[in-house]
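Structure file structure.txt (compact mmCIF, C-alpha atoms) follows.
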# COMPACT_ATOMS: atom_id res chain seq x y z
CA MET A 1313 0.00 0.00 0.00
CA GLU A 1314 1.36 3.38 -1.00
CA VAL A 1315 2.13 5.71 1.89
CA ARG A 1316 0.43 9.12 1.59
CA HIS A 1317 3.34 11.31 2.66
CA LEU A 1318 2.40 14.37 4.66
CA SER A 1319 2.31 17.74 2.96
CA VAL A 1320 1.66 20.94 4.90
CA GLU A 1321 0.50 24.40 3.83
CA VAL A 1322 1.11 27.25 6.28
CA ARG A 1323 -1.03 30.40 6.35
CA LEU A 1324 -1.74 33.21 8.78
CA GLU A 1325 -5.27 33.99 9.99
CA GLY A 1326 -4.95 37.11 12.14
CA ASP A 1327 -2.60 36.12 14.92
CA ILE A 1328 -3.02 32.39 14.32
CA ALA A 1329 -0.76 30.34 12.07
CA VAL A 1330 -2.80 27.55 10.49
CA LEU A 1331 -1.06 24.37 9.36
CA ASP A 1332 -3.23 22.59 6.78
CA LEU A 1333 -2.11 18.97 7.00
CA THR A 1334 -2.71 16.54 4.13
CA GLY A 1335 -1.80 12.84 4.20
CA GLU A 1336 -0.59 10.55 6.99
CA ILE A 1337 1.05 11.54 10.26
CA ASN A 1338 3.55 8.76 10.84
CA GLY A 1339 7.31 8.36 10.94
CA PHE A 1340 7.62 9.72 7.40
CA ALA A 1341 5.98 12.99 8.45
CA GLU A 1342 8.70 14.27 10.78
CA GLU A 1343 10.58 16.42 8.27
CA ALA A 1344 7.49 18.02 6.73
CA LEU A 1345 5.91 18.70 10.11
CA SER A 1346 9.07 20.20 11.61
CA ALA A 1347 9.67 22.41 8.57
CA ALA A 1348 6.07 23.65 8.58
CA TYR A 1349 6.16 24.39 12.29
CA ALA A 1350 9.42 26.34 11.85
CA GLU A 1351 7.78 28.30 9.02
CA ALA A 1352 4.84 29.06 11.30
CA GLU A 1353 7.10 30.12 14.18
CA ALA A 1354 8.87 32.55 11.86
CA MET A 1355 5.52 34.39 11.56
CA ASP A 1356 5.60 34.82 15.36
CA PRO A 1357 1.92 33.99 15.91
CA SER A 1358 0.39 33.75 19.38
CA THR A 1359 -1.14 30.42 18.44
CA VAL A 1360 -0.56 27.59 15.98
CA LEU A 1361 -3.60 25.65 14.76
CA LEU A 1362 -3.17 22.14 13.35
CA ASN A 1363 -5.93 21.49 10.81
CA PHE A 1364 -6.45 17.72 10.47
CA GLU A 1365 -9.27 17.92 7.90
CA LYS A 1366 -7.30 16.03 5.23
CA VAL A 1367 -5.50 13.60 7.56
CA ASP A 1368 -6.83 10.06 7.47
CA TYR A 1369 -4.19 8.23 9.52
CA ILE A 1370 -2.20 9.06 12.65
CA ASN A 1371 -0.10 6.35 14.30
CA SER A 1372 1.80 6.26 17.58
CA THR A 1373 4.88 7.79 15.96
CA GLY A 1374 2.67 10.59 14.70
CA ILE A 1375 1.33 11.10 18.22
CA ALA A 1376 4.95 11.42 19.37
CA LEU A 1377 5.59 14.06 16.69
CA ILE A 1378 2.58 16.05 17.88
CA VAL A 1379 3.85 15.79 21.47
CA GLY A 1380 7.14 17.21 20.18
CA LEU A 1381 5.35 20.17 18.60
CA LEU A 1382 3.45 20.73 21.82
CA ALA A 1383 6.72 20.82 23.78
CA LYS A 1384 8.12 23.39 21.33
CA ALA A 1385 4.97 25.52 21.56
CA ARG A 1386 4.99 25.47 25.36
CA ALA A 1387 8.68 26.38 25.44
CA SER A 1388 7.95 29.51 23.41
CA ARG A 1389 4.67 30.21 25.28
CA ARG A 1390 2.64 29.74 22.14
CA GLY A 1391 -0.74 28.08 22.07
CA LEU A 1392 -1.16 24.89 20.04
CA LEU A 1393 -4.67 23.89 18.94
CA ALA A 1394 -6.22 21.16 16.82
CA CYS A 1395 -9.31 21.13 14.62
CA ASN A 1396 -11.18 18.81 12.25
CA LEU A 1397 -10.08 15.59 13.95
CA SER A 1398 -12.30 12.58 13.28
CA GLU A 1399 -14.26 11.14 16.19
CA HIS A 1400 -11.71 8.33 16.50
CA TYR A 1401 -8.72 10.64 16.72
CA VAL A 1402 -10.53 12.87 19.22
CA GLU A 1403 -10.78 9.73 21.35
CA ILE A 1404 -7.05 9.09 20.89
CA PHE A 1405 -6.23 12.69 21.83
CA ASN A 1406 -8.36 12.15 24.96
CA ILE A 1407 -6.82 8.86 26.08
CA THR A 1408 -3.27 10.07 25.47
CA ARG A 1409 -4.23 13.29 27.31
CA LEU A 1410 -3.02 15.39 24.39
CA SER A 1411 -6.35 17.19 24.67
CA ASP A 1412 -5.49 18.26 28.23
CA PHE A 1413 -2.69 20.38 26.79
CA MET A 1414 -4.05 21.43 23.40
CA SER A 1415 -7.67 22.41 22.84
CA VAL A 1416 -9.48 20.41 20.18
CA PHE A 1417 -12.12 22.19 18.09
CA PRO A 1418 -14.63 20.70 15.65
CA ASP A 1419 -13.63 23.07 12.84
CA GLU A 1420 -11.31 25.95 11.97
CA LYS A 1421 -13.99 28.63 12.27
CA THR A 1422 -14.73 27.66 15.87
CA ALA A 1423 -11.04 27.43 16.74
CA VAL A 1424 -10.21 30.84 15.27
CA GLY A 1425 -13.36 32.43 16.69
CA GLU A 1426 -12.82 31.21 20.24
CA THR A 1427 -9.10 31.93 20.20
CA SER A 1428 -9.54 35.43 18.79
CA GLY A 1429 -12.42 36.12 21.16
CA ALA A 1430 -14.66 36.92 18.19
CA MET B 293 -0.67 -9.41 29.90
CA THR B 294 1.27 -12.58 29.10
CA ASP B 295 -0.38 -15.91 28.46
CA PRO B 296 2.23 -18.59 29.26
CA LYS B 297 0.36 -21.29 27.36
CA PRO B 298 0.00 -20.49 23.66
CA ARG B 299 -3.37 -21.42 22.33
CA THR B 300 -3.72 -23.28 19.09
CA ASP B 301 -6.18 -22.91 16.24
CA ALA B 302 -8.12 -25.78 17.72
CA ASP B 303 -8.98 -23.57 20.66
CA PHE B 304 -10.71 -21.14 18.35
CA GLY B 305 -13.63 -21.22 16.00
CA ARG B 306 -12.95 -20.46 12.39
CA THR B 307 -10.12 -18.71 10.61
CA LEU B 308 -11.44 -15.70 8.71
CA ALA B 309 -8.16 -14.54 7.16
CA ASP B 310 -4.52 -15.62 7.13
CA PHE B 311 -1.89 -13.49 5.42
CA SER B 312 1.50 -11.86 5.86
CA VAL B 313 3.17 -8.54 5.08
CA PRO B 314 6.88 -7.79 4.55
CA SER B 315 8.50 -5.80 7.35
CA GLU B 316 8.71 -2.47 5.57
CA PRO B 317 7.71 0.91 6.99
CA GLY B 318 4.13 1.75 6.09
CA ASN B 319 3.00 -1.86 5.67
CA GLU B 320 1.05 -1.66 8.93
CA ARG B 321 -1.62 0.11 6.87
CA LEU B 322 -1.81 -2.82 4.47
CA ALA B 323 -2.30 -5.15 7.44
CA MET B 324 -4.81 -2.77 9.00
CA GLU B 325 -6.94 -2.42 5.86
CA THR B 326 -6.91 -6.18 5.18
CA VAL B 327 -8.07 -6.96 8.71
CA ALA B 328 -10.63 -4.15 8.47
CA LYS B 329 -12.22 -5.70 5.37
CA THR B 330 -12.56 -9.00 7.21
CA ALA B 331 -13.94 -7.28 10.31
CA GLN B 332 -16.48 -5.33 8.24
CA GLY B 333 -17.67 -8.60 6.76
CA PHE B 334 -18.07 -9.83 10.33
CA GLY B 335 -20.20 -6.83 11.28
CA PHE B 336 -17.71 -4.32 12.69
CA SER B 337 -18.45 -0.70 11.86
CA GLY B 338 -18.03 2.84 13.13
CA GLU B 339 -15.88 3.46 16.18
CA ASN B 340 -15.52 -0.26 16.96
CA LEU B 341 -13.93 -0.76 13.54
CA GLU B 342 -11.66 2.28 13.99
CA ARG B 343 -10.43 1.01 17.37
CA LEU B 344 -9.64 -2.41 15.93
CA LYS B 345 -7.79 -0.81 12.99
CA THR B 346 -5.60 1.26 15.30
CA ALA B 347 -4.77 -1.78 17.47
CA VAL B 348 -3.86 -3.89 14.44
CA ALA B 349 -1.73 -1.12 12.91
CA GLU B 350 0.18 -0.51 16.13
CA ALA B 351 0.76 -4.20 16.84
CA THR B 352 1.94 -4.79 13.26
CA MET B 353 4.25 -1.78 13.45
CA ASN B 354 5.75 -3.11 16.71
CA ALA B 355 6.22 -6.54 15.11
CA MET B 356 7.95 -5.08 12.05
CA GLU B 357 10.15 -2.72 14.07
CA HIS B 358 11.00 -4.54 17.30
CA GLY B 359 10.52 -8.17 16.24
CA ASN B 360 11.82 -8.12 12.67
CA ASN B 361 14.03 -4.99 12.77
CA TYR B 362 12.34 -3.82 9.58
CA SER B 363 14.01 -6.59 7.55
CA PRO B 364 11.79 -6.83 4.44
CA GLU B 365 12.57 -10.54 4.00
CA LEU B 366 11.05 -11.25 7.42
CA PRO B 367 7.26 -11.37 7.25
CA VAL B 368 4.76 -10.41 9.88
CA GLU B 369 2.01 -13.02 9.84
CA LEU B 370 -1.58 -12.16 10.67
CA GLN B 371 -4.44 -14.51 11.44
CA VAL B 372 -7.99 -13.36 11.98
CA LEU B 373 -10.15 -15.78 13.93
CA ALA B 374 -13.59 -15.84 15.49
CA THR B 375 -15.42 -17.80 18.12
CA ASP B 376 -19.00 -17.38 19.23
CA TYR B 377 -17.79 -14.85 21.81
CA ASP B 378 -14.62 -13.21 20.52
CA PHE B 379 -13.02 -11.71 17.43
CA LEU B 380 -9.28 -12.30 17.48
CA VAL B 381 -6.28 -11.07 15.52
CA ARG B 382 -2.95 -12.83 16.04
CA ILE B 383 0.15 -11.00 14.85
CA THR B 384 3.41 -12.96 14.74
CA ASP B 385 6.95 -11.74 14.12
CA ARG B 386 10.30 -13.54 14.00
CA GLY B 387 11.71 -11.92 17.10
CA SER B 388 13.67 -13.73 19.76
CA GLY B 389 14.08 -13.05 23.45
CA PRO B 390 11.40 -12.03 25.87
CA PRO B 391 8.11 -11.06 24.25
CA PRO B 392 7.10 -7.41 24.39
CA THR B 393 4.77 -6.93 27.33
CA ASP B 394 4.62 -4.12 29.83
CA ALA B 395 8.30 -3.26 29.61
CA GLY B 396 9.08 0.41 29.87
CA ASP B 397 7.28 3.33 31.38
CA THR B 398 3.56 3.86 30.98
CA PRO B 399 3.41 6.89 28.72
CA ASP B 400 2.91 10.07 30.71
CA ILE B 401 2.41 13.13 28.57
CA GLU B 402 3.50 15.50 31.30
CA ALA B 403 6.79 13.60 31.68
CA LYS B 404 7.22 13.63 27.91
CA LEU B 405 6.62 17.38 27.74
CA GLU B 406 9.18 17.88 30.52
CA GLY B 407 11.69 15.70 28.66
CA LEU B 408 11.62 13.04 31.40
CA GLN B 409 10.31 10.39 29.00
CA LYS B 410 11.07 10.03 25.31
CA SER B 411 8.28 11.32 23.10
CA ARG B 412 7.67 7.88 21.56
CA GLY B 413 6.36 4.82 23.41
CA TRP B 414 2.62 5.11 22.80
CA GLY B 415 2.13 1.88 20.82
CA LEU B 416 1.37 -0.71 23.53
CA PHE B 417 -0.68 1.83 25.45
CA LEU B 418 -2.83 2.51 22.39
CA ILE B 419 -3.27 -1.20 21.65
CA LYS B 420 -4.42 -1.96 25.20
CA SER B 421 -6.80 0.98 25.09
CA MET B 422 -8.38 -0.12 21.82
CA VAL B 423 -9.18 -3.80 22.47
CA ASP B 424 -10.63 -5.85 25.32
CA GLU B 425 -7.57 -8.06 25.79
CA MET B 426 -3.99 -8.17 24.56
CA ASN B 427 -2.18 -11.47 25.11
CA VAL B 428 1.48 -11.98 24.28
CA THR B 429 3.27 -15.27 23.77
CA GLY B 430 6.71 -16.13 22.49
CA ASP B 431 9.22 -18.87 21.85
CA GLU B 432 12.81 -18.89 20.63
CA GLY B 433 11.96 -17.62 17.19
CA HIS B 434 8.60 -15.92 17.35
CA HIS B 435 6.49 -13.43 19.26
CA THR B 436 2.74 -13.44 18.90
CA VAL B 437 0.47 -10.63 20.02
CA GLU B 438 -3.18 -11.65 20.21
CA LEU B 439 -5.80 -8.92 20.11
CA VAL B 440 -9.20 -9.90 21.46
CA VAL B 441 -12.48 -8.05 21.03
CA HIS B 442 -15.39 -9.51 22.96
CA LEU B 443 -18.49 -9.73 20.83
CA GLY B 444 -21.04 -8.02 23.02
CA ALA B 445 -24.26 -6.30 22.20
CA GLU B 446 -22.31 -3.47 20.57
CA GLY B 447 -19.93 -5.73 18.68
CA GLY B 448 -16.71 -4.79 20.45
CA LYS B 449 -15.09 -2.62 23.07
How would this structure read if it were set down as structure tokens?
Amino acid sequence: MEVRHLSVEVRLEGDIAVLDLTGEINGFAEEALSAAYAEAEAMDPSTVLLNFEKVDYINSTGIALIVGLLAKARASRRGLLACNLSEHYVEIFNITRLSDFMSVFPDEKTAVGETSGA
Amino acid sequence: MTDPKPRTDADFGRTLADFSVPSEPGNERLAMETVAKTAQGFGFSGENLERLKTAVAEATMNAMEHGNNYSPELPVELQVLATDYDFLVRITDRGSGPPPTDAGDTPDIEAKLEGLQKSRGWGLFLIKSMVDEMNVTGDEGHHTVELVVHLGAEGGK
């Protein structure tokens, strides 16, 4: 089965850097995810939003990569949020307690609205 | 959880699928999708199916990485079985030494964020969270991880 390597588009919505993730978040995703996060950090946003709308597979290595991003965000006092996770991956964020440290929103509009106080 | 007495096919009902995948990164998805098709035919759907898929993918990834050291010539063998009460997936690698069980720290996200635990190490935790039982057996040349989903009113955990 062909691996759907992760690709990431970075854009700024107000003070929030949005990472649009497409593909699989697994061991192959490390380089793309790190590069995209660095690109987002260079914009100096208050918050980084991971948009999982086009992600259909996250494995335990991918969870570890997200934990790594969370550690980076906390070190620089930046918020890290998630949106558009499927019901199953919301459950995984809950049982790993990722959701205790990064808010999970049903969609981008809600995430941006609540974070911006709109 | 370690079962010291490996069970044989005779202990189970029928075999629903029997296949192998080479130990190459990414092949856990092939194993996952193949088991998922069998499980769907057996009535799994929705979140129960997603939980089973994650458990199979993680167990296959562990088998390829820790059992077979990602040597493509070493297969990971998967058997899908069913009894009147349980749906089972047995995942066998060619590893030697003690079987993977509870070794290592239980993942603690706070410790990971503080750098007190490595960021990886979620696999066994996820597997155990996704199925009703995980049994591990091993001999000198194989490890087998058995995933068990009890067939209740909702068709799984």
Q: Counting only C-alpha atoms, collect the residues of chain A whose closest atom lies at most 8 Å from chain B, and write them out as a list of chain:residue names.
A: A:Met1313, A:Glu1314, A:Val1315, A:Asn1371, A:Ser1372, A:Thr1373, A:Ile1375, A:Ala1376, A:Leu1377, A:Val1379, A:Gly1380, A:Leu1382, A:Ala1383, A:Glu1399, A:His1400, A:Ile1404, A:Ile1407, A:Thr1408, A:Arg1409, A:Leu1410
For the contact check between region 1382-1410 of chain A and region 1330-1338 of chain A, emit one row per residue of region 1382-1410 of chain A within 12 Å, containing the shortest atom pair and the distance in Å rounded to one decimal, counting only C-alpha atoms, chain then rising number order, as a tab-separated table.
residue	atom	partner	partner_atom	distance
A:Gly1391	CA	A:Val1330	CA	11.8
A:Leu1392	CA	A:Val1330	CA	10.0
A:Leu1393	CA	A:Val1330	CA	9.4
A:Ala1394	CA	A:Leu1331	CA	9.6
A:Cys1395	CA	A:Asp1332	CA	10.0
A:Asn1396	CA	A:Asp1332	CA	10.4
A:Leu1397	CA	A:Leu1333	CA	11.1
A:Tyr1401	CA	A:Ile1337	CA	11.7
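One finds CA of Phe1405 (chain A) at 24.3 Å from CA of Val437 (chain B).
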Q) In terms of the shortest atom-to-atom distance over only C-alpha atoms, which of B:Gly387, B:Gly305, B:Gly335, B:Pro314 is closest to Leu373 (chain B)? A)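 Smallest distance to Leu373 (chain B) is found for B:Gly305.
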**Q.** Polymer residues at most 10 Å from Leu370 (chain B), only C-alpha atoms, same-chain spacing of 5 or more positions, as a ChimeraX atom specification
**A.** /B:309-313,323,326-327,348,352,381-385,436-438
Could the residues in this selection be saved with C-alpha atoms as a PDB file, in the coordinates of the input?
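Result file is result22.pdb:
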ATOM      1  CA  ALA B 309      -8.160 -14.540   7.160  1.00  0.00           C
ATOM      2  CA  ASP B 310      -4.520 -15.620   7.130  1.00  0.00           C
ATOM      3  CA  PHE B 311      -1.890 -13.490   5.420  1.00  0.00           C
ATOM      4  CA  SER B 312       1.500 -11.860   5.860  1.00  0.00           C
ATOM      5  CA  VAL B 313       3.170  -8.540   5.080  1.00  0.00           C
ATOM      6  CA  ALA B 323      -2.300  -5.150   7.440  1.00  0.00           C
ATOM      7  CA  THR B 326      -6.910  -6.180   5.180  1.00  0.00           C
ATOM      8  CA  VAL B 327      -8.070  -6.960   8.710  1.00  0.00           C
ATOM      9  CA  VAL B 348      -3.860  -3.890  14.440  1.00  0.00           C
ATOM     10  CA  THR B 352       1.940  -4.790  13.260  1.00  0.00           C
ATOM     11  CA  VAL B 381      -6.280 -11.070  15.520  1.00  0.00           C
ATOM     12  CA  ARG B 382      -2.950 -12.830  16.040  1.00  0.00           C
ATOM     13  CA  ILE B 383       0.150 -11.000  14.850  1.00  0.00           C
ATOM     14  CA  THR B 384       3.410 -12.960  14.740  1.00  0.00           C
ATOM     15  CA  ASP B 385       6.950 -11.740  14.120  1.00  0.00           C
ATOM     16  CA  THR B 436       2.740 -13.440  18.900  1.00  0.00           C
ATOM     17  CA  VAL B 437       0.470 -10.630  20.020  1.00  0.00           C
ATOM     18  CA  GLU B 438      -3.180 -11.650  20.210  1.00  0.00           C
TER      19      GLU B 438
END
Q | Distance query Ser1428 (chain A) at most 9 Å, all atoms listed in the file, self and fewer than 6 positions along chain excluded, as a list in words | A | Gly1326, Asp1327 and Ile1328 of chain A
(Q) For a test of reading the model, state the distance in Å between CA of Asn354 (chain B) and CA of Leu1381 (chain A), rounded to one decimal. (A) 23.4 Å
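For the atom pair formed by CA of Asp378 (chain B) and CA of Leu443 (chain B), the distance is 5.2 Å, given to one decimal.
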Q. Residues at most 12 Å from Glu1353 (chain A), counting all atoms listed in the file, excluding those fewer than 5 positions away in the same chain, as a VMD selection string?
A. chain A and resid 1322 to 1324 1327 to 1331 1346 to 1348 1358 to 1361 1381 1384 to 1385 1387 to 1392
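Distances here use only C-alpha atoms; by that measure, the residue among A:Met1355, A:Ala1344, A:Ala1350, A:Leu1362 closest to Asp1419 (chain A) is A:Leu1362.
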Q.
Just checking: using all atoms listed in the file, which residue out of A:Val1402, A:Leu1318, A:Ala1354, A:Ala1341 ends up closest to Phe1417 (chain A)?
A. A:Val1402
Edge lengths and centre, in Å to one decimal, as JSON: that's what I need for the box along x, y and z that holds all listed atoms of region 361-370 of chain B plus 3 Å on each side.
{"center_x": 6.2, "center_y": -8.4, "center_z": 8.4, "size_x": 21.6, "size_y": 15.2, "size_z": 14.8}
Q.
Just want the 8 Å neighbourhood of region 356-360 of chain B, counted on all atoms listed in the file, with same-chain residues fewer than 5 positions away dropped. Output as a ChimeraX atom specification.
A. /B:315-317,366-368,385-388,435
